[in-house]
$ cat query33.cif   # mmCIF, C-alpha atoms
data_upload
#
loop_
_atom_site.group_PDB
_atom_site.id
_atom_site.type_symbol
_atom_site.label_atom_id
_atom_site.label_comp_id
_atom_site.auth_asym_id
_atom_site.auth_seq_id
_atom_site.Cartn_x
_atom_site.Cartn_y
_atom_site.Cartn_z
ATOM 1 C CA MET A 1 24.174 -6.231 3.652
ATOM 2 C CA HIS A 2 27.945 -6.508 3.268
ATOM 3 C CA GLN A 3 28.476 -3.565 5.616
ATOM 4 C CA LYS A 4 26.397 -5.306 8.273
ATOM 5 C CA ASN A 5 27.766 -8.798 7.712
ATOM 6 C CA SER A 6 30.821 -9.104 5.466
ATOM 7 C CA ILE A 7 30.422 -11.243 2.348
ATOM 8 C CA SER A 8 33.055 -13.972 2.224
ATOM 9 C CA GLN A 9 35.389 -14.433 -0.727
ATOM 10 C CA SER A 10 33.722 -17.725 -1.627
ATOM 11 C CA GLU A 11 30.324 -15.999 -1.673
ATOM 12 C CA ILE A 12 31.734 -13.287 -3.929
ATOM 13 C CA ASP A 13 33.280 -15.861 -6.271
ATOM 14 C CA ASN A 14 29.945 -17.700 -6.549
ATOM 15 C CA PHE A 15 27.837 -14.527 -6.913
ATOM 16 C CA ASP A 16 26.430 -14.369 -10.454
ATOM 17 C CA ASP A 17 26.061 -10.593 -10.766
ATOM 18 C CA LYS A 18 29.509 -9.304 -9.843
ATOM 19 C CA LEU A 19 28.825 -6.072 -11.703
ATOM 20 C CA GLY A 20 25.816 -5.584 -9.438
ATOM 21 C CA LEU A 21 28.050 -6.026 -6.398
ATOM 22 C CA ALA A 22 30.491 -3.470 -7.793
ATOM 23 C CA GLU A 23 27.675 -0.990 -8.509
ATOM 24 C CA ALA A 24 26.335 -1.392 -4.979
ATOM 25 C CA ALA A 25 29.816 -0.749 -3.593
ATOM 26 C CA ILE A 26 30.239 2.417 -5.672
ATOM 27 C CA ILE A 27 26.786 3.759 -4.836
ATOM 28 C CA GLY A 28 27.313 2.913 -1.159
ATOM 29 C CA GLY A 29 30.724 4.600 -1.118
ATOM 30 C CA ASP A 30 32.553 1.404 -0.143
ATOM 31 C CA GLU A 31 35.771 1.778 -2.139
ATOM 32 C CA HIS A 32 37.555 -0.891 -0.113
ATOM 33 C CA PHE A 33 35.019 -3.546 -1.091
ATOM 34 C CA PHE A 34 35.087 -2.393 -4.708
ATOM 35 C CA ASN A 35 38.869 -2.658 -4.836
ATOM 36 C CA ASN A 36 38.622 -6.215 -3.519
ATOM 37 C CA ILE A 37 36.344 -7.321 -6.350
ATOM 38 C CA SER A 38 37.501 -5.109 -9.236
ATOM 39 C CA ASP A 39 39.834 -7.841 -10.563
ATOM 40 C CA LEU A 40 36.753 -9.997 -11.165
ATOM 41 C CA LEU A 41 35.277 -7.492 -13.633
ATOM 42 C CA SER A 42 35.787 -7.441 -17.387
ATOM 43 C CA ASP A 43 36.982 -4.374 -19.302
ATOM 44 C CA SER A 44 33.413 -3.559 -20.349
ATOM 45 C CA GLU A 45 32.183 -3.892 -16.764
ATOM 46 C CA MET A 46 34.969 -1.624 -15.487
ATOM 47 C CA ALA A 47 33.947 0.955 -18.095
ATOM 48 C CA PHE A 48 30.344 0.651 -16.917
ATOM 49 C CA ILE A 49 31.487 1.323 -13.339
ATOM 50 C CA GLY A 50 33.336 4.376 -14.665
ATOM 51 C CA TYR A 51 30.039 5.538 -16.147
ATOM 52 C CA ARG A 52 28.285 5.026 -12.827
ATOM 53 C CA ARG A 53 30.915 7.078 -11.022
ATOM 54 C CA ALA A 54 30.547 9.925 -13.540
ATOM 55 C CA GLN A 55 26.765 9.737 -13.258
ATOM 56 C CA LEU A 56 26.948 10.108 -9.479
ATOM 57 C CA GLU A 57 29.165 13.161 -10.002
ATOM 58 C CA ASN A 58 26.770 14.620 -12.643
ATOM 59 C CA ASN A 59 29.581 14.654 -15.207
ATOM 60 C CA PHE A 60 27.816 14.154 -18.541
ATOM 61 C CA GLU A 61 30.902 14.182 -20.772
ATOM 62 C CA ILE A 62 32.755 11.490 -18.852
ATOM 63 C CA ALA A 63 29.572 9.446 -18.403
ATOM 64 C CA GLN A 64 28.964 9.446 -22.160
ATOM 65 C CA ALA A 65 32.591 8.568 -22.906
ATOM 66 C CA LYS A 66 32.547 5.657 -20.458
ATOM 67 C CA LEU A 67 29.336 4.247 -21.960
ATOM 68 C CA LYS A 68 30.887 4.406 -25.426
ATOM 69 C CA GLN A 69 33.973 2.650 -24.048
ATOM 70 C CA CYS A 70 31.753 0.020 -22.429
ATOM 71 C CA VAL A 71 29.892 -0.721 -25.673
ATOM 72 C CA GLU A 72 33.122 -0.950 -27.662
ATOM 73 C CA ALA A 73 34.728 -3.268 -25.086
ATOM 74 C CA SER A 74 31.660 -5.520 -24.989
ATOM 75 C CA ARG A 75 31.888 -5.970 -28.766
ATOM 76 C CA SER A 76 35.628 -6.451 -29.014
ATOM 77 C CA SER A 77 35.819 -9.368 -26.607
ATOM 78 C CA SER A 78 36.247 -12.841 -28.027
ATOM 79 C CA LEU A 79 33.095 -13.688 -26.067
ATOM 80 C CA ARG A 80 30.795 -10.793 -26.876
ATOM 81 C CA ASP A 81 28.908 -9.618 -23.789
ATOM 82 C CA HIS A 82 25.438 -8.899 -25.138
ATOM 83 C CA GLU A 83 23.916 -8.104 -21.748
ATOM 84 C CA ILE A 84 26.393 -5.411 -20.705
ATOM 85 C CA GLU A 85 26.094 -3.928 -24.202
ATOM 86 C CA ALA A 86 22.302 -3.743 -23.815
ATOM 87 C CA ARG A 87 22.593 -2.256 -20.336
ATOM 88 C CA ALA A 88 24.991 0.387 -21.623
ATOM 89 C CA ARG A 89 22.645 1.264 -24.492
ATOM 90 C CA MET A 90 19.758 1.601 -22.053
ATOM 91 C CA GLU A 91 21.765 3.921 -19.822
ATOM 92 C CA TRP A 92 22.904 5.832 -22.891
ATOM 93 C CA GLY A 93 19.292 6.345 -23.877
ATOM 94 C CA LEU A 94 18.418 7.678 -20.432
ATOM 95 C CA LEU A 95 21.463 9.944 -20.516
ATOM 96 C CA ARG A 96 20.514 11.293 -23.932
ATOM 97 C CA TYR A 97 16.979 11.981 -22.760
ATOM 98 C CA THR A 98 18.266 14.221 -19.961
ATOM 99 C CA GLN A 99 20.123 16.234 -22.614
ATOM 100 C CA GLY A 100 17.006 16.785 -24.721
ATOM 101 C CA GLN A 101 17.952 14.176 -27.345
ATOM 102 C CA LYS A 102 14.548 12.516 -27.122
ATOM 103 C CA GLU A 103 14.392 10.791 -30.508
ATOM 104 C CA GLU A 104 17.895 9.346 -30.131
ATOM 105 C CA ALA A 105 17.005 8.259 -26.606
ATOM 106 C CA GLY A 106 14.020 6.321 -27.920
ATOM 107 C CA VAL A 107 16.191 4.452 -30.414
ATOM 108 C CA ASP A 108 18.632 3.390 -27.694
ATOM 109 C CA LEU A 109 15.926 2.430 -25.208
ATOM 110 C CA ARG A 110 14.066 0.306 -27.744
ATOM 111 C CA TRP A 111 17.262 -1.399 -28.928
ATOM 112 C CA ALA A 112 18.154 -2.277 -25.334
ATOM 113 C CA MET A 113 14.642 -3.548 -24.565
ATOM 114 C CA GLU A 114 14.531 -5.815 -27.620
ATOM 115 C CA ARG A 115 18.030 -7.159 -27.021
ATOM 116 C CA LEU A 116 17.351 -7.886 -23.333
ATOM 117 C CA LYS A 117 14.117 -9.649 -24.230
ATOM 118 C CA ALA A 118 16.058 -11.868 -26.602
ATOM 119 C CA ILE A 119 18.864 -12.776 -24.199
ATOM 120 C CA SER A 120 17.329 -12.577 -20.700
ATOM 121 C CA GLU A 121 13.551 -12.256 -20.873
ATOM 122 C CA GLY A 122 12.047 -11.743 -17.422
ATOM 123 C CA SER A 123 15.304 -10.535 -15.872
ATOM 124 C CA PHE A 124 15.423 -7.414 -13.731
ATOM 125 C CA GLN A 125 17.216 -5.501 -16.495
ATOM 126 C CA HIS A 126 14.648 -6.595 -19.096
ATOM 127 C CA GLY A 127 11.817 -5.434 -16.836
ATOM 128 C CA LEU A 128 13.561 -2.132 -16.223
ATOM 129 C CA SER A 129 14.008 -1.621 -19.960
ATOM 130 C CA ILE A 130 10.244 -2.052 -20.483
ATOM 131 C CA LEU A 131 9.499 0.482 -17.742
ATOM 132 C CA ASN A 132 11.932 2.958 -19.291
ATOM 133 C CA MET A 133 10.505 2.499 -22.791
ATOM 134 C CA ALA A 134 6.975 2.950 -21.456
ATOM 135 C CA SER A 135 8.010 6.145 -19.671
ATOM 136 C CA TRP A 136 9.480 7.395 -22.948
ATOM 137 C CA HIS A 137 6.095 6.880 -24.629
ATOM 138 C CA VAL A 138 4.322 8.635 -21.759
ATOM 139 C CA SER A 139 6.626 11.645 -22.207
ATOM 140 C CA ARG A 140 5.353 11.822 -25.811
ATOM 141 C CA ASN A 141 1.688 11.563 -24.732
ATOM 142 C CA GLU A 142 1.475 8.060 -26.218
ATOM 143 C CA SER A 143 -0.468 6.459 -23.383
ATOM 144 C CA MET A 144 -1.801 3.516 -25.371
ATOM 145 C CA MET A 145 1.695 2.573 -26.527
ATOM 146 C CA ALA A 146 2.887 2.725 -22.931
ATOM 147 C CA LEU A 147 0.011 0.528 -21.772
ATOM 148 C CA ALA A 148 0.739 -2.018 -24.493
ATOM 149 C CA LEU A 149 4.353 -2.287 -23.349
ATOM 150 C CA LEU A 150 3.542 -2.455 -19.649
ATOM 151 C CA SER A 151 1.017 -5.218 -20.255
ATOM 152 C CA GLN A 152 3.940 -7.429 -21.330
ATOM 153 C CA ILE A 153 4.933 -7.634 -17.654
ATOM 154 C CA ASN A 154 2.743 -10.456 -16.405
ATOM 155 C CA ARG A 155 1.443 -10.206 -12.846
ATOM 156 C CA LEU A 156 2.351 -13.856 -12.275
ATOM 157 C CA GLY A 157 5.969 -13.581 -13.455
ATOM 158 C CA PRO A 158 8.653 -14.273 -14.519
ATOM 159 C CA HIS A 159 9.505 -10.647 -13.734
ATOM 160 C CA LYS A 160 10.598 -9.649 -10.230
ATOM 161 C CA ILE A 161 7.913 -8.409 -7.868
ATOM 162 C CA GLU A 162 9.452 -4.920 -7.786
ATOM 163 C CA ILE A 163 9.169 -4.688 -11.585
ATOM 164 C CA ILE A 164 5.595 -6.013 -11.548
ATOM 165 C CA ALA A 165 4.563 -3.502 -8.870
ATOM 166 C CA SER A 166 6.235 -0.625 -10.738
ATOM 167 C CA SER A 167 4.430 -1.547 -13.950
ATOM 168 C CA ARG A 168 1.078 -1.748 -12.160
ATOM 169 C CA LEU A 169 1.552 1.654 -10.546
ATOM 170 C CA GLN A 170 2.302 3.196 -13.939
ATOM 171 C CA ILE A 171 -0.683 1.397 -15.511
ATOM 172 C CA SER A 172 -2.928 2.614 -12.695
ATOM 173 C CA LYS A 173 -1.933 6.225 -13.308
ATOM 174 C CA LEU A 174 -2.444 5.932 -17.064
ATOM 175 C CA LEU A 175 -5.862 4.297 -16.708
ATOM 176 C CA PHE A 176 -6.884 6.961 -14.201
ATOM 177 C CA GLU A 177 -6.084 9.642 -16.791
ATOM 178 C CA LEU A 178 -8.088 7.695 -19.390
ATOM 179 C CA GLY A 179 -11.102 7.509 -17.075
ATOM 180 C CA ASP A 180 -11.060 3.764 -16.416
ATOM 181 C CA PHE A 181 -11.225 4.117 -12.644
ATOM 182 C CA VAL A 182 -12.186 0.524 -11.828
ATOM 183 C CA SER A 183 -9.164 -0.897 -13.634
ATOM 184 C CA SER A 184 -6.984 1.847 -12.172
ATOM 185 C CA GLN A 185 -8.161 0.855 -8.702
ATOM 186 C CA ARG A 186 -7.325 -2.812 -9.297
ATOM 187 C CA HIS A 187 -3.840 -2.095 -10.626
ATOM 188 C CA ALA A 188 -3.126 0.299 -7.758
ATOM 189 C CA TRP A 189 -3.976 -2.517 -5.341
ATOM 190 C CA VAL A 190 -1.594 -4.940 -7.074
ATOM 191 C CA ALA A 191 1.126 -2.273 -6.951
ATOM 192 C CA PHE A 192 0.483 -1.605 -3.266
ATOM 193 C CA GLU A 193 0.707 -5.272 -2.344
ATOM 194 C CA GLY A 194 3.857 -5.786 -4.410
ATOM 195 C CA PHE A 195 5.667 -2.752 -3.035
ATOM 196 C CA SER A 196 4.710 -3.490 0.568
ATOM 197 C CA GLU A 197 5.827 -7.117 0.204
ATOM 198 C CA SER A 198 9.221 -6.027 -1.150
ATOM 199 C CA GLY A 199 9.747 -3.312 1.478
ATOM 200 C CA MET A 200 9.484 -0.358 -0.941
ATOM 201 C CA ILE A 201 7.633 1.805 1.560
ATOM 202 C CA ASP A 202 7.459 5.139 -0.293
ATOM 203 C CA GLU A 203 6.191 3.483 -3.459
ATOM 204 C CA ALA A 204 3.688 1.389 -1.485
ATOM 205 C CA ILE A 205 2.304 4.523 0.148
ATOM 206 C CA GLU A 206 1.945 6.215 -3.253
ATOM 207 C CA ALA A 207 0.027 3.225 -4.627
ATOM 208 C CA SER A 208 -2.127 2.919 -1.510
ATOM 209 C CA LEU A 209 -3.136 6.585 -1.670
ATOM 210 C CA ILE A 210 -4.292 6.175 -5.264
ATOM 211 C CA TRP A 211 -6.293 3.097 -4.274
ATOM 212 C CA ILE A 212 -7.825 4.797 -1.216
ATOM 213 C CA ASP A 213 -8.768 7.887 -3.233
ATOM 214 C CA LEU A 214 -10.546 5.744 -5.837
ATOM 215 C CA SER A 215 -12.231 3.505 -3.255
ATOM 216 C CA LEU A 216 -13.481 5.693 -0.430
ATOM 217 C CA ASN A 217 -16.641 6.948 -2.143
ATOM 218 C CA ASP A 218 -18.321 3.550 -1.821
ATOM 219 C CA VAL A 219 -17.130 1.446 1.108
ATOM 220 C CA THR A 220 -19.634 -1.372 1.516
ATOM 221 C CA ILE A 221 -19.709 -4.919 2.819
ATOM 222 C CA ASP A 222 -21.412 -5.888 -0.451
ATOM 223 C CA ALA A 223 -18.214 -5.143 -2.389
ATOM 224 C CA PRO A 224 -15.934 -8.085 -3.206
ATOM 225 C CA LYS A 225 -12.484 -8.187 -1.633
ATOM 226 C CA MET A 226 -9.748 -6.735 -3.827
ATOM 227 C CA ASN A 227 -7.759 -9.968 -3.999
ATOM 228 C CA HIS A 228 -10.839 -11.683 -5.406
ATOM 229 C CA LEU A 229 -11.233 -8.934 -8.009
ATOM 230 C CA VAL A 230 -7.583 -9.219 -9.012
ATOM 231 C CA GLU A 231 -7.705 -12.994 -9.378
ATOM 232 C CA ASN A 232 -10.904 -12.867 -11.419
ATOM 233 C CA SER A 233 -10.274 -9.765 -13.497
ATOM 234 C CA SER A 234 -11.020 -9.653 -17.213
ATOM 235 C CA PRO A 235 -10.336 -7.072 -19.934
ATOM 236 C CA ARG A 236 -12.565 -3.995 -19.877
ATOM 237 C CA ASP A 237 -13.507 -1.490 -22.547
ATOM 238 C CA LEU A 238 -12.483 2.122 -22.107
ATOM 239 C CA GLY A 239 -15.632 4.091 -21.357
ATOM 240 C CA ASP A 240 -17.148 1.401 -19.146
ATOM 241 C CA ASP A 241 -18.670 3.583 -16.434
ATOM 242 C CA SER A 242 -18.692 1.019 -13.622
ATOM 243 C CA LYS A 243 -18.092 2.660 -10.259
ATOM 244 C CA CYS A 244 -15.346 1.857 -7.805
ATOM 245 C CA SER A 245 -16.313 0.247 -4.530
ATOM 246 C CA CYS A 246 -14.389 -1.561 -1.819
ATOM 247 C CA HIS A 247 -14.956 -3.831 1.139
ATOM 248 C CA PRO A 248 -14.388 -2.131 4.530
ATOM 249 C CA ASP A 249 -11.890 -4.832 5.529
ATOM 250 C CA ASP A 250 -9.631 -3.841 2.624
ATOM 251 C CA MET A 251 -9.925 -0.154 3.474
ATOM 252 C CA ILE A 252 -9.202 -0.716 7.167
ATOM 253 C CA SER A 253 -6.169 -2.921 6.488
ATOM 254 C CA THR A 254 -4.778 -0.394 4.014
ATOM 255 C CA ILE A 255 -5.272 2.572 6.340
ATOM 256 C CA ASN A 256 -3.688 0.644 9.207
ATOM 257 C CA TRP A 257 -0.691 -0.257 7.035
ATOM 258 C CA CYS A 258 -0.261 3.381 6.044
ATOM 259 C CA PHE A 259 -0.422 4.481 9.669
ATOM 260 C CA GLU A 260 2.193 1.947 10.745
ATOM 261 C CA ASN A 261 4.543 2.991 7.928
ATOM 262 C CA TRP A 262 3.868 6.731 7.696
ATOM 263 C CA GLN A 263 7.068 8.743 7.829
ATOM 264 C CA GLY A 264 8.375 12.112 6.803
ATOM 265 C CA ASP A 265 7.297 15.717 6.975
ATOM 266 C CA ASN A 266 3.610 16.668 7.026
ATOM 267 C CA SER A 267 4.239 20.333 6.192
ATOM 268 C CA GLY A 268 3.234 22.046 2.938
ATOM 269 C CA VAL A 269 0.251 24.148 1.917
ATOM 270 C CA ASP A 270 -1.035 21.556 -0.563
ATOM 271 C CA ARG A 271 -1.272 18.056 0.955
ATOM 272 C CA PRO A 272 -3.950 15.994 -0.849
ATOM 273 C CA ASP A 273 -2.337 12.841 0.595
ATOM 274 C CA LEU A 274 -3.177 13.892 4.152
ATOM 275 C CA ILE A 275 -6.678 14.883 3.079
ATOM 276 C CA VAL A 276 -7.340 11.457 1.533
ATOM 277 C CA LEU A 277 -6.196 9.680 4.691
ATOM 278 C CA LEU A 278 -8.356 11.824 6.962
ATOM 279 C CA GLU A 279 -11.421 11.444 4.722
ATOM 280 C CA ALA A 280 -10.947 7.666 4.635
ATOM 281 C CA GLU A 281 -10.710 7.529 8.420
ATOM 282 C CA ARG A 282 -13.832 9.633 8.763
ATOM 283 C CA CYS A 283 -15.621 7.201 6.438
ATOM 284 C CA LEU A 284 -14.527 4.277 8.631
ATOM 285 C CA GLY A 285 -15.094 5.957 11.974
ATOM 286 C CA ILE A 286 -11.465 5.642 13.124
ATOM 287 C CA SER A 287 -9.030 8.369 14.170
ATOM 288 C CA ASN A 288 -5.388 7.203 14.182
ATOM 289 C CA PHE A 289 -4.209 9.724 11.595
ATOM 290 C CA HIS A 290 -6.553 12.357 13.018
ATOM 291 C CA ASP A 291 -4.930 12.046 16.445
ATOM 292 C CA LYS A 292 -1.427 11.909 14.946
ATOM 293 C CA PHE A 293 -1.854 15.002 12.776
ATOM 294 C CA ARG A 294 -3.563 17.058 15.483
ATOM 295 C CA ASN A 295 -0.351 16.863 17.479
ATOM 296 C CA ASP A 296 1.832 17.895 14.530
ATOM 297 C CA ASP A 297 2.392 21.663 14.567
ATOM 298 C CA VAL A 298 4.034 21.717 11.094
ATOM 299 C CA ILE A 299 0.753 21.091 9.241
ATOM 300 C CA GLU A 300 -0.066 24.062 6.993
ATOM 301 C CA ASP A 301 -2.728 22.865 4.544
ATOM 302 C CA LYS A 302 -5.912 24.783 5.426
ATOM 303 C CA GLU A 303 -8.235 21.956 4.355
ATOM 304 C CA VAL A 304 -6.301 19.514 6.528
ATOM 305 C CA ILE A 305 -6.570 21.910 9.474
ATOM 306 C CA THR A 306 -10.340 22.164 8.875
ATOM 307 C CA LEU A 307 -10.720 18.382 8.782
ATOM 308 C CA LEU A 308 -8.778 18.139 12.055
ATOM 309 C CA GLY A 309 -11.083 20.689 13.658
ATOM 310 C CA CYS A 310 -8.130 22.784 14.782
#

$ encode --input "query33.cif" --output "structure tokens"
Amino acid sequence: MHQKNSISQSEIDNFDDKLGLAEAAIIGGDEHFFNNISDLLSDSEMAFIGYRRAQLENNFEIAQAKLKQCVEASRSSSLRDHEIEARARMEWGLLRYTQGQKEEAGVDLRWAMERLKAISEGSFQHGLSILNMASWHVSRNESMMALALLSQINRLGPHKIEIIASSRLQISKLLFELGDFVSSQRHAWVAFEGFSESGMIDEAIEASLIWIDLSLNDVTIDAPKMNHLVENSSPRDLGDDSKCSCHPDDMISTINWCFENWQGDNSGVDRPDLIVLLEAERCLGISNFHDKFRNDDVIEDKEVITLLGC
């Protein structure tokens, strides 16, 4: 946003998350803007920026050293900065995980999550810490632990919509693996709506494809609309063998959204995403994706080619 319309000095001075501004400048490669605001950062925040630079350069040793420096600086200040300390511990946990230090990573991630809950419950960083801790449990095949954590992120807030959508996508995938397809379908819908509302197109497409795949076997006007199901949902027992169904209006609106936002390469010998879209269109009697893909000479998946009648 700054590159399109420069942020004034007064706006910078009044901006609460100056570290966030500095991170955005570093990630965006805007050294001039970073230099203009660096004097506004504390020693611990400057160390955190040093970590972010090293991370972008894939330099593990410097990244680890800068996180240690950040934690030490946050504790040595006369006004201890608990939030930057928790953020550094979370990043340290993620860094350790990439180096195979999985148990140590779990300790750091949990410490950060509990601290952030205590000092800024519902903040973006708190939500991110829950997502990271849940992913850690998933990596250990502890799906129920991950679901218990993710359920702490309430659909109605106070967490940001991006965090809510991310949690619902992860829940949908876990419930799918556990065989609770109806609940997986509902959570995929919530994720799709959240991602599309916040402009996270790739994530919205991923969620929509899961929802379409679960829904297309029974598209009927007798099915309730998804928003009604979401608003009136109640806990379900694993093993409940209810079948997924969807109203054609929901399927049509979802397919149309996907068509309007579809980007990228359609090549590859294994494209279940393209197959799902074509099967859904065939179910609805429409042909937008069919016509689009027939004119794309990079398509390689044999099943896709068969569905296109090429």

$ resolve_selection --input "query33.cif" --expression "the PyMOL selection byres ((chain A and resi 198) around 12)" --output "list in words"
Lys160, Ile161, Glu162, Ile163, Ile164, Ala165, Ser166, Ala191, Phe192, Glu193, Gly194, Phe195, Ser196, Glu197, Gly199, Met200, Ile201, Asp202, Glu203 and Ala204 of chain A

$ write_last_selection --input "query33.cif" --atoms "C-alpha atoms" --output "PDB file, in the frame of the given file"
ATOM      1  CA  LYS A 160      10.598  -9.649 -10.230  1.00  0.00           C
ATOM      2  CA  ILE A 161       7.913  -8.409  -7.868  1.00  0.00           C
ATOM      3  CA  GLU A 162       9.452  -4.920  -7.786  1.00  0.00           C
ATOM      4  CA  ILE A 163       9.169  -4.688 -11.585  1.00  0.00           C
ATOM      5  CA  ILE A 164       5.595  -6.013 -11.548  1.00  0.00           C
ATOM      6  CA  ALA A 165       4.563  -3.502  -8.870  1.00  0.00           C
ATOM      7  CA  SER A 166       6.235  -0.625 -10.738  1.00  0.00           C
ATOM      8  CA  ALA A 191       1.126  -2.273  -6.951  1.00  0.00           C
ATOM      9  CA  PHE A 192       0.483  -1.605  -3.266  1.00  0.00           C
ATOM     10  CA  GLU A 193       0.707  -5.272  -2.344  1.00  0.00           C
ATOM     11  CA  GLY A 194       3.857  -5.786  -4.410  1.00  0.00           C
ATOM     12  CA  PHE A 195       5.667  -2.752  -3.035  1.00  0.00           C
ATOM     13  CA  SER A 196       4.710  -3.490   0.568  1.00  0.00           C
ATOM     14  CA  GLU A 197       5.827  -7.117   0.204  1.00  0.00           C
ATOM     15  CA  GLY A 199       9.747  -3.312   1.478  1.00  0.00           C
ATOM     16  CA  MET A 200       9.484  -0.358  -0.941  1.00  0.00           C
ATOM     17  CA  ILE A 201       7.633   1.805   1.560  1.00  0.00           C
ATOM     18  CA  ASP A 202       7.459   5.139  -0.293  1.00  0.00           C
ATOM     19  CA  GLU A 203       6.191   3.483  -3.459  1.00  0.00           C
ATOM     20  CA  ALA A 204       3.688   1.389  -1.485  1.00  0.00           C
TER      21      ALA A 204
END

$ resolve_selection --input "query33.cif" --expression "the PyMOL selection byres ((chain A and resi 92) around 12)" --output "VMD selection string"
chain A and resid 48 51 to 52 55 60 to 61 63 to 71 84 to 91 93 to 99 101 to 102 104 to 112 129 132

$ atom_distance --input "query33.cif" --atom1 "atom CA of Met46 of chain A" --atom2 "atom CA of Lys117 of chain A"
24.0 Å

$ closest_residue --input "query33.cif" --among "A:Val276, A:Ile299, A:Ile171, A:Val138" --to "Ser151 of chain A" --atoms "only C-alpha atoms"
A:Ile171

$ resolve_selection --input "query33.cif" --expression "the PyMOL selection byres ((chain A and resi 260) around 12)" --output "JSON, numbers by chain"
{"A": [196, 201, 205, 253, 254, 255, 256, 257, 258, 259, 261, 262, 263, 288, 289, 292]}

$ residues_around --input "query33.cif" --residues "Ser267 of chain A" --least-positions-apart "2" --cutoff "12 Å" --atoms "all atoms listed in the file" --output "VMD selection string"
chain A and resid 264 to 265 269 to 274 293 296 to 302 304 to 305

$ closest_residue --input "query33.cif" --among "A:Phe124, A:Gly309, A:Leu19, A:Glu303" --to "His290 of chain A" --atoms "all atoms listed in the file"
A:Gly309

$ residues_around --input "query33.cif" --residues "Leu150 of chain A" --least-positions-apart "4" --cutoff "8 Å" --atoms "all atoms listed in the file" --output "list in words"
Ile130, Leu131, Ala134, Ala146, Ser167, Arg168 and Ile171 of chain A

$ closest_residue --input "query33.cif" --among "A:Thr220, A:Asn154, A:Asn295, A:Ser135" --to "Glu121 of chain A" --atoms "all atoms listed in the file"
A:Asn154

$ closest_residue --input "query33.cif" --among "A:Gln185, A:Gln170, A:Cys283, A:Ile26" --to "Asp218 of chain A" --atoms "all atoms listed in the file"
A:Cys283

$ axis_aligned_box --input "query33.cif" --around "segment 108-114 of chain A" --padding-each-side "8 Å" --output "lines of an AutoDock Vina configuration file"
center_x = 16.3
center_y = -1.2
center_z = -26.7
size_x = 20.6
size_y = 25.2
size_z = 20.4

$ closest_residue --input "query33.cif" --among "A:His126, A:Arg80, A:Lys173, A:His159" --to "Ser143 of chain A" --atoms "all atoms listed in the file"
A:Lys173

$ residues_near_point --input "query33.cif" --point "(38.0, -7.9, -8.6)" --cutoff "12 Å" --atoms "all atoms listed in the file" --output "number ranges by chain"
A: 9, 12-13, 18-19, 21-22, 25, 31-43, 45-46

$ atom_distance --input "query33.cif" --atom1 "atom CA of Ala207 of chain A" --atom2 "atom CA of Leu174 of chain A"
13.0 Å

$ closest_residue --input "query33.cif" --among "A:Asp249, A:Ile212, A:Ile153, A:Gln125" --to "Gly20 of chain A" --atoms "only C-alpha atoms"
A:Gln125

$ atom_distance --input "query33.cif" --atom1 "atom CA of Asn59 of chain A" --atom2 "atom CA of Asp17 of chain A"
25.9 Å
